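Peer 1: Let me begin by handing over the structure; questions about it come next.
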Amino acid sequence: MGKGKPKELDPNKAPLVRKAFELYASGRYNLPGLVDEMHRLGLRNRKGGKVTMNGFSVILNNHFYIGLIKLRRTGEAFPGTHEPLIPKSLFGRVQRILNGKTNTGVQKHDCLFRRLLKCKHCGYSLRGEIQKGHIYYRCHTRTCPVTCVREDAVESIVLDKLLQLQLSENEITYLRQQLARLKDKWGKEQEAQINAFNLRLRQIQDRLDRLTDAYIDRLIEKDVFEKRKNTLLIEQKEVEEKLTDLQQNGSSVPDRVTELVELAGNAYFQYKIDFPEEKRDLLKNLTSNREVNGKNVELRLAFPFYEIANRPKISNSAPYREIGRTLDSIVSKISDFVKTEPSPRDPDKSAPQADEPTSSEDRLAA
């Protein structure tokens, strides 16, 4: 492309590059595995061969794909005129994996709780081992106290937690009424949110303008200017994505609140019938902390599910006003949570909510 022309995404390679980000963000592929899988899917370098690990490292670190242009010589970043290929949240998850802050290793055994349990002492993932017909999860860090727990013991604790999410018939009836009211009044609230995001974007632009004026007037050094400008551009991109998501998917907020409530209420029976991979995905969505200390398993439900599990238990014979005081607060908290979270189409949304280091052995394979 000639100098001065806006850069464009290659229409043939762009979908494959997006797929590379999504696969790597899933945690199922390290760089060597990504090289082979993307070659199988049809991604090629300029010479028609495999894209190397170094090539993928360059791709996965390239801010161009979130809509920014970064100059190699000076490190300066500018908003591009091209459409972003991936959302900022997906790019951020990939960066966390590349920096070793998220699981990427591959396990030999397809144990039910693989990559879900970590040692409370060192933070590394426990590894599943089959011994005498049972699966045990152990910590392999030599300096840690003995940490070992049987899979069936973990599952018993999981089922007990999920059982706390079940709702009574009266609670289900009341929630359905409240969720219907939420849909009715959401329109005005959505408009207020859009206005708030637009105001924030104007404030960021004002800060960028003042920063540029300060640099032109030599009130700040170039390195300080570039650092602050990059931070503001990233913030601007995040707000723009949230605004776009609200405008395009905002009408689904009441539906997403309903989905979370239904997920909680159905979690116990859903877990009982799911396949292992589906059970793992369910637990990633429902839990935020899964630590083992010796033989003790500490399992914490993620927000908003712990709010539902820890609600005052009310019998079916209780008056509606008593049920309402409890459930109104929960619906309000879930609604606030959904408004600040990425939409379900965002791959980062389904990721574990807490970074979990791999074992020291697995980190070398990533």
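By order of appearance in the structure tokens: chains A, B, ..., then residues from 1 within every chain, and ligands from 1 in the order shown.
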What residues in range 93-305 of chain A get the DSSP label strand (DSSP E or B)? Please answer as number ranges by chain.

Peer 2: A: 118-119, 125, 127-131, 134-138, 148-150, 287-293, 296-301

Peer 1: Would you list the contacts of range 59-76 of chain A as a ChimeraX atom specification, taking every protein, DNA or RNA residue within 8 Å and counting only C-alpha atoms, but skipping same-chain residues closer than 3 positions in sequence?

Peer 2: /A:17,21,55-56,79-88,91,94-95,226,230

Peer 1: Which distance in Å separates CA of Arg200 in chain A and CA of Leu260 in chain A, to one decimal?

Peer 2: 28.6 Å

Peer 1: Write out as a PDB file with C-alpha atoms, in the first residue's frame each polymer residue whose atoms come within 10 Å of Pro312 in chain A, counting only C-alpha atoms; drop sequence neighbours fewer than 5 positions from it.

Peer 2:
ATOM      1  CA  GLU A 307     -26.383 -13.623  46.077  1.00  0.00           C
ATOM      2  CA  GLU A 322     -41.490 -11.349  52.354  1.00  0.00           C
ATOM      3  CA  ILE A 323     -40.412 -13.045  49.143  1.00  0.00           C
ATOM      4  CA  THR A 326     -35.472 -10.620  49.176  1.00  0.00           C
ATOM      5  CA  LEU A 327     -35.831 -11.121  45.433  1.00  0.00           C
TER       6      LEU A 327
END

Peer 1: May I have the residues within 9 Å of range 116-119 of chain A as an MDAnalysis selection string, using only C-alpha atoms and disregarding those fewer than 6 positions away in the same chain?

Peer 2: chainID A and resid 125:127 137:139 144 147 280 283:284 289:294 297 352 356:358

Peer 1: Just to be explicit: take each residue in the selection above, keep C-alpha atoms, and write the result as a short mmCIF file (atom, residue, chain, number, x, y, z; two decimals), in the first residue's frame.

Peer 2:
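The new file result.cif reads:
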data_model
loop_
_atom_site.label_atom_id
_atom_site.label_comp_id
_atom_site.auth_asym_id
_atom_site.auth_seq_id
_atom_site.Cartn_x
_atom_site.Cartn_y
_atom_site.Cartn_z
CA SER A 125 -3.43 -25.92 39.17
CA LEU A 126 -3.83 -29.36 40.72
CA ARG A 127 -3.20 -32.28 38.40
CA TYR A 137 -6.11 -34.07 42.38
CA ARG A 138 -2.67 -33.27 43.74
CA CYS A 139 -0.34 -30.30 43.98
CA CYS A 144 3.76 -27.02 49.49
CA THR A 147 -2.58 -31.27 49.01
CA ARG A 280 -16.52 -27.62 33.39
CA LEU A 283 -18.59 -24.32 36.79
CA LYS A 284 -16.40 -21.69 35.11
CA ASN A 289 -12.74 -19.45 43.46
CA ARG A 290 -11.87 -23.13 43.57
CA GLU A 291 -9.01 -23.74 46.00
CA VAL A 292 -7.80 -26.84 47.82
CA ASN A 293 -5.94 -26.73 51.13
CA GLY A 294 -4.85 -30.20 52.17
CA VAL A 297 -12.05 -27.75 49.13
CA PRO A 352 -12.97 -17.93 34.47
CA GLU A 356 -5.40 -19.45 37.72
CA PRO A 357 -1.68 -20.21 37.26
CA THR A 358 -0.77 -23.51 35.66
#

Peer 1: Go through A:Asp36, A:Glu238, A:Asp328, A:Glu298 and flag the residue nearest Tyr174 in chain A, using only C-alpha atoms for the distances.

Peer 2: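 Distance minimum relative to Tyr174 in chain A lands on A:Asp328.
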
Peer 1: Where in range 56-200 of chain A does DSSP assign alpha helix (DSSP H), given as a ChimeraX atom specification?

Peer 2: /A:56-60,88-98,151-163,169-200

Peer 1: So, with only C-alpha atoms as the atoms that count, which of A:Val35, A:Lys120, A:Arg40, A:Tyr271 lies closest to Thr52 in chain A?

Peer 2: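 Answer, going by the shortest atom-to-atom distance: A:Val35.
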
Peer 1: One decimal, Å: what's the distance from CA of Tyr136 in chain A over to CA of Asn296 in chain A, could you say?

Peer 2: 13.1 Å
